Amino acid sequence: MRARVWLPLGLVALLLCTVACGDPHPKRTVGPRSEGAPATPAATLKAFDPPTHFDTTQGPTIPDDAALNGVNLAGNILQPPPTILYKTTAFVSTTDRLLVIDTRSGRVSALAPPDGTAEPFASDGFVGEDPTTPPLLATVKGRELVLAAFAVKVPGKGTMPSTMALDLVAVDAASGRLVSHIAATLDSQFNGAYLSNLSTAVVGVSGQIAVARILGLGSEAETFTFDLSNGTVPWTQIGFAASDVTGSIVVGALASDTSGYYDLVGATVENGHKVWSLSGKMDVLNVFPSGPSLLVAISSDSPGGHAKLQLIDPRTGAVRQSTDGDFGGVRCSFDGATLTICSESSAFVHWAAAFDTTTLSWLWNLPDEESGRVAPLVRSVWHGNVYGSTENGPVILDGRTGKDKVTDPGAAPYVVDQYVGIAPGPGAEGLRAYPANG
């Protein structure tokens, strides 16, 4: 299973996102319940896979926790909203609780880790500083679960001092009810850290084993495995920042030595045994899962240096394609079907492209000087659609051709499924859950 994340590990980041890019050889030079409106009866719901229009005349406001401070004043996404959709339910992670939201009515219930104390995030006013990442939807023994991880402080008892722990919370996706939690004590490198500054994520599931990781503000990192069948923690590894699980292999960045460089490593979920390693004194390492048997790895050997983009088989570590260029600010994500979209949107660069995850062929590239077309600000990708915006408003691109598919979709959602799109509200104030209607 996959997660989507953009996370700080010193200069290491791990992201699973949604974007679009292409060119045969792309070059980067270029608590409590709150009542809302009545829910729409399930019988009246229509599914659109993928949706091409959203009804902006209705749709409840999504709590500010879903927006965090990950979007700057220009509308650029500095980090994905910590939200996933399960049919018409939105699951939103924060640093201290999991929100379960009915997107049809706005009704909200808050779930916090049952053991230990977590800290709510308090912004200093800087955009993109919130470390929260989306929860993960996984199927375990035929049951669909939403998994989220929290940094908590466990109170001391008697002569035993308090400890810091990573608490894994499992919630039933259909009902939103708590299923279980498993806690694992953090390594001493995290002692004294503000809990709300720690970045946690569940990065994948293999069988009944969930893999999660925690990152500090510096180079602190630790990966944990949790056995969902018996509540145990089979193994942990200090200095390893997991980013993806494919089959029985967990992939992530491992501190190679005391120099501050990292290796990309594949290890077995069962016991953490290293299966493969790509060394190269990587100073920056961003990893993006791209389908059932592919990873995009963007790495640089020096701070601020040009970053290359590699397509890697996560099971073996084989590099299937490598492109040098200026990929440092690029994010990539699988569309859930056959495409991976990569893009960058900043004050200076707007770029997008796509490749086929089977053939590894780059399909299109924007901007296109010959046609005069610009690259959109990509917000999400799902089942062949690229949802984004330009100065002309929301737009949907055909993910396979890069052509404009719909120029008046109503909204450009950050998170989307066949029922709803979560997008900025009127005047870009907060987020709304807009029903799909086409």
# chains A, B, ... in the order shown; residues from 1 in each chain; ligands from 1

$ closest_atom_pairs --of "stretch 160-234 of chain A" --to "stretch 245-258 of chain A" --cutoff "12 Å" --atoms "only C-alpha atoms" --output "JSON lines"
{"residue": "A:Val202", "atom": "CA", "partner": "A:Val245", "partner_atom": "CA", "distance": 9.9}
{"residue": "A:Val203", "atom": "CA", "partner": "A:Val245", "partner_atom": "CA", "distance": 6.6}
{"residue": "A:Gly204", "atom": "CA", "partner": "A:Val245", "partner_atom": "CA", "distance": 4.9}
{"residue": "A:Val205", "atom": "CA", "partner": "A:Val245", "partner_atom": "CA", "distance": 6.5}
{"residue": "A:Ser206", "atom": "CA", "partner": "A:Ser248", "partner_atom": "CA", "distance": 5.9}
{"residue": "A:Gly207", "atom": "CA", "partner": "A:Ser248", "partner_atom": "CA", "distance": 8.3}
{"residue": "A:Gln208", "atom": "CA", "partner": "A:Ser248", "partner_atom": "CA", "distance": 11.0}
{"residue": "A:Ile209", "atom": "CA", "partner": "A:Ser248", "partner_atom": "CA", "distance": 9.6}
{"residue": "A:Ala210", "atom": "CA", "partner": "A:Val245", "partner_atom": "CA", "distance": 9.1}
{"residue": "A:Val211", "atom": "CA", "partner": "A:Val245", "partner_atom": "CA", "distance": 7.6}
{"residue": "A:Ala212", "atom": "CA", "partner": "A:Val245", "partner_atom": "CA", "distance": 10.0}
{"residue": "A:Arg213", "atom": "CA", "partner": "A:Gly252", "partner_atom": "CA", "distance": 9.8}
{"residue": "A:Leu215", "atom": "CA", "partner": "A:Ala253", "partner_atom": "CA", "distance": 11.4}
{"residue": "A:Ser219", "atom": "CA", "partner": "A:Ala255", "partner_atom": "CA", "distance": 8.6}
{"residue": "A:Glu220", "atom": "CA", "partner": "A:Ala255", "partner_atom": "CA", "distance": 9.7}
{"residue": "A:Ala221", "atom": "CA", "partner": "A:Leu254", "partner_atom": "CA", "distance": 8.9}
{"residue": "A:Glu222", "atom": "CA", "partner": "A:Leu254", "partner_atom": "CA", "distance": 9.6}
{"residue": "A:Thr223", "atom": "CA", "partner": "A:Gly252", "partner_atom": "CA", "distance": 9.2}
{"residue": "A:Phe224", "atom": "CA", "partner": "A:Val250", "partner_atom": "CA", "distance": 10.9}
{"residue": "A:Thr225", "atom": "CA", "partner": "A:Val250", "partner_atom": "CA", "distance": 10.1}

$ write_last_selection --atoms "N, CA and C atoms" --output "JSON list (two decimals), in the first residue's frame"
[["chain", "number", "residue", "atom", "x", "y", "z"],
["A", 202, "VAL", "N", 2.63, 6.82, 8.30],
["A", 202, "VAL", "CA", 2.52, 5.39, 8.00],
["A", 202, "VAL", "C", 2.77, 5.27, 6.51],
["A", 203, "VAL", "N", 3.82, 4.56, 6.12],
["A", 203, "VAL", "CA", 4.25, 4.58, 4.72],
["A", 203, "VAL", "C", 3.78, 3.36, 3.93],
["A", 204, "GLY", "N", 3.28, 2.34, 4.60],
["A", 204, "GLY", "CA", 2.80, 1.19, 3.84],
["A", 204, "GLY", "C", 2.47, 0.01, 4.74],
["A", 205, "VAL", "N", 1.86, -1.00, 4.13],
["A", 205, "VAL", "CA", 1.47, -2.22, 4.82],
["A", 205, "VAL", "C", 1.84, -3.42, 3.97],
["A", 206, "SER", "N", 2.39, -4.43, 4.59],
["A", 206, "SER", "CA", 2.68, -5.69, 3.93],
["A", 206, "SER", "C", 2.05, -6.80, 4.75],
["A", 207, "GLY", "N", 1.01, -7.43, 4.21],
["A", 207, "GLY", "CA", 0.28, -8.42, 4.99],
["A", 207, "GLY", "C", -0.38, -7.76, 6.18],
["A", 208, "GLN", "N", 0.03, -8.16, 7.39],
["A", 208, "GLN", "CA", -0.51, -7.57, 8.61],
["A", 208, "GLN", "C", 0.50, -6.66, 9.31],
["A", 209, "ILE", "N", 1.59, -6.34, 8.61],
["A", 209, "ILE", "CA", 2.64, -5.50, 9.19],
["A", 209, "ILE", "C", 2.55, -4.09, 8.60],
["A", 210, "ALA", "N", 2.36, -3.11, 9.45],
["A", 210, "ALA", "CA", 2.38, -1.71, 9.04],
["A", 210, "ALA", "C", 3.76, -1.13, 9.30],
["A", 211, "VAL", "N", 4.21, -0.26, 8.41],
["A", 211, "VAL", "CA", 5.52, 0.38, 8.53],
["A", 211, "VAL", "C", 5.30, 1.89, 8.70],
["A", 212, "ALA", "N", 5.89, 2.45, 9.73],
["A", 212, "ALA", "CA", 5.78, 3.89, 9.99],
["A", 212, "ALA", "C", 7.15, 4.45, 10.30],
["A", 213, "ARG", "N", 7.28, 5.77, 10.14],
["A", 213, "ARG", "CA", 8.56, 6.40, 10.46],
["A", 213, "ARG", "C", 8.31, 7.75, 11.12],
["A", 215, "LEU", "N", 10.45, 11.58, 11.87],
["A", 215, "LEU", "CA", 11.60, 12.42, 11.54],
["A", 215, "LEU", "C", 11.62, 13.62, 12.47],
["A", 219, "SER", "N", 18.58, 15.63, 11.50],
["A", 219, "SER", "CA", 18.75, 14.37, 10.77],
["A", 219, "SER", "C", 18.17, 13.18, 11.53],
["A", 220, "GLU", "N", 17.43, 13.44, 12.61],
["A", 220, "GLU", "CA", 16.88, 12.34, 13.40],
["A", 220, "GLU", "C", 15.83, 11.57, 12.60],
["A", 221, "ALA", "N", 15.94, 10.25, 12.65],
["A", 221, "ALA", "CA", 14.97, 9.40, 11.94],
["A", 221, "ALA", "C", 14.93, 8.03, 12.59],
["A", 222, "GLU", "N", 13.75, 7.43, 12.55],
["A", 222, "GLU", "CA", 13.59, 6.06, 13.04],
["A", 222, "GLU", "C", 12.38, 5.44, 12.35],
["A", 223, "THR", "N", 12.53, 4.17, 11.96],
["A", 223, "THR", "CA", 11.45, 3.43, 11.31],
["A", 223, "THR", "C", 11.00, 2.31, 12.23],
["A", 224, "PHE", "N", 9.68, 2.06, 12.23],
["A", 224, "PHE", "CA", 9.07, 1.04, 13.09],
["A", 224, "PHE", "C", 8.18, 0.13, 12.26],
["A", 225, "THR", "N", 8.08, -1.12, 12.66],
["A", 225, "THR", "CA", 7.07, -2.02, 12.11],
["A", 225, "THR", "C", 6.10, -2.38, 13.23]]

$ residues_around --residues "A:Ser199" --least-positions-apart "3" --cutoff "7 Å" --atoms "only C-alpha atoms" --output "PyMOL selection string"
chain A and resi 7+131-132+214-216

$ write_last_selection --atoms "C-alpha atoms" --output "PDB file, in the first residue's frame"
ATOM      1  CA  LEU A   7       8.862  15.251   4.905  1.00  0.00           C
ATOM      2  CA  PRO A 131       4.883  18.491   9.666  1.00  0.00           C
ATOM      3  CA  THR A 132       1.608  16.556   9.414  1.00  0.00           C
ATOM      4  CA  ILE A 214       9.291   9.529  12.459  1.00  0.00           C
ATOM      5  CA  LEU A 215      11.596  12.425  11.544  1.00  0.00           C
ATOM      6  CA  GLY A 216      13.006  15.268  13.630  1.00  0.00           C
TER       7      GLY A 216
END

$ closest_residue --among "A:Ala423, A:Leu186, A:Leu311, A:Ile238" --to "A:Thr163" --atoms "only C-alpha atoms"
A:Leu186

$ closest_atom_pairs --of "stretch 410-438 of chain A" --to "stretch 43-59 of chain A" --cutoff "7 Å" --atoms "only C-alpha atoms" --output "CSV"
residue,atom,partner,partner_atom,distance
A:Gly410,CA,A:Phe54,CA,5.4
A:Ala411,CA,A:Phe54,CA,6.1
A:Gln418,CA,A:Phe48,CA,4.7
A:Tyr419,CA,A:Ala47,CA,5.4
A:Arg432,CA,A:Gly59,CA,6.0
A:Ala433,CA,A:Gly59,CA,4.9
A:Tyr434,CA,A:Gly59,CA,4.7
A:Pro435,CA,A:Asp55,CA,5.6
A:Ala436,CA,A:Phe54,CA,4.4
A:Asn437,CA,A:Phe54,CA,5.4
A:Gly438,CA,A:His53,CA,4.7

$ write_last_selection --atoms "C-alpha atoms" --output "PDB file, in the first residue's frame"
ATOM      1  CA  GLY A 410     -15.714  24.302 -11.205  1.00  0.00           C
ATOM      2  CA  ALA A 411     -12.868  23.418  -8.851  1.00  0.00           C
ATOM      3  CA  GLN A 418     -15.386   9.474  -7.520  1.00  0.00           C
ATOM      4  CA  TYR A 419     -17.721  11.325  -5.154  1.00  0.00           C
ATOM      5  CA  ARG A 432     -14.664  22.946   0.778  1.00  0.00           C
ATOM      6  CA  ALA A 433     -15.915  19.456  -0.062  1.00  0.00           C
ATOM      7  CA  TYR A 434     -17.512  19.874  -3.491  1.00  0.00           C
ATOM      8  CA  PRO A 435     -19.673  17.000  -4.768  1.00  0.00           C
ATOM      9  CA  ALA A 436     -18.681  15.533  -8.127  1.00  0.00           C
ATOM     10  CA  ASN A 437     -21.473  16.078 -10.661  1.00  0.00           C
ATOM     11  CA  GLY A 438     -19.940  15.072 -13.937  1.00  0.00           C
TER      12      GLY A 438
END

$ atom_distance --atom1 "atom CA of A:Leu366" --atom2 "atom CA of A:His350"
8.2 Å

$ select_by_dssp --residues "stretch 22-242 of chain A" --states "strand (DSSP E or B)" --output "count of residues only"
91

$ closest_atom_pairs --of "stretch 392-425 of chain A" --to "stretch 88-101 of chain A" --cutoff "10 Å" --atoms "only C-alpha atoms" --output "Markdown table"
| residue | atom | partner | partner_atom | distance |
| --- | --- | --- | --- | --- |
| A:Val415 | CA | A:Ala90 | CA | 9.4 |
| A:Asp417 | CA | A:Thr88 | CA | 8.6 |
| A:Gln418 | CA | A:Thr88 | CA | 8.9 |
| A:Tyr419 | CA | A:Thr88 | CA | 6.3 |
| A:Val420 | CA | A:Thr88 | CA | 6.8 |
| A:Gly421 | CA | A:Thr88 | CA | 9.8 |
| A:Ile422 | CA | A:Ala90 | CA | 9.1 |

$ residues_around --residues "A:Leu431" --least-positions-apart "2" --cutoff "6 Å" --atoms "only C-alpha atoms" --output "PyMOL selection string"
chain A and resi 61-62+423-425

$ closest_residue --among "A:Ala201, A:Ala149, A:Val233, A:Val140" --to "A:Ala184" --atoms "only C-alpha atoms"
A:Val233

$ residues_around --residues "A:Val330" --least-positions-apart "2" --cutoff "7 Å" --atoms "only C-alpha atoms" --output "number ranges by chain"
A: 327-328, 332, 342-344

$ write_last_selection --atoms "N, CA and C atoms" --output "PDB file, in the first residue's frame"
ATOM      1  N   PHE A 327      16.005  18.861 -11.002  1.00  0.00           N
ATOM      2  CA  PHE A 327      14.749  18.307 -10.513  1.00  0.00           C
ATOM      3  C   PHE A 327      14.527  18.576  -9.023  1.00  0.00           C
ATOM      4  N   GLY A 328      15.319  19.452  -8.430  1.00  0.00           N
ATOM      5  CA  GLY A 328      15.304  19.613  -6.990  1.00  0.00           C
ATOM      6  C   GLY A 328      13.956  19.924  -6.367  1.00  0.00           C
ATOM      7  N   CYS A 332       6.386  14.026  -7.507  1.00  0.00           N
ATOM      8  CA  CYS A 332       5.780  13.078  -8.443  1.00  0.00           C
ATOM      9  C   CYS A 332       4.765  12.196  -7.730  1.00  0.00           C
ATOM     10  N   CYS A 342       4.691  14.360 -12.661  1.00  0.00           N
ATOM     11  CA  CYS A 342       5.702  15.098 -11.905  1.00  0.00           C
ATOM     12  C   CYS A 342       5.537  16.581 -12.216  1.00  0.00           C
ATOM     13  N   SER A 343       5.742  17.426 -11.216  1.00  0.00           N
ATOM     14  CA  SER A 343       5.580  18.862 -11.468  1.00  0.00           C
ATOM     15  C   SER A 343       6.337  19.673 -10.442  1.00  0.00           C
ATOM     16  N   GLU A 344       6.523  20.927 -10.785  1.00  0.00           N
ATOM     17  CA  GLU A 344       7.084  21.905  -9.855  1.00  0.00           C
ATOM     18  C   GLU A 344       6.334  23.215 -10.042  1.00  0.00           C
TER      19      GLU A 344
END
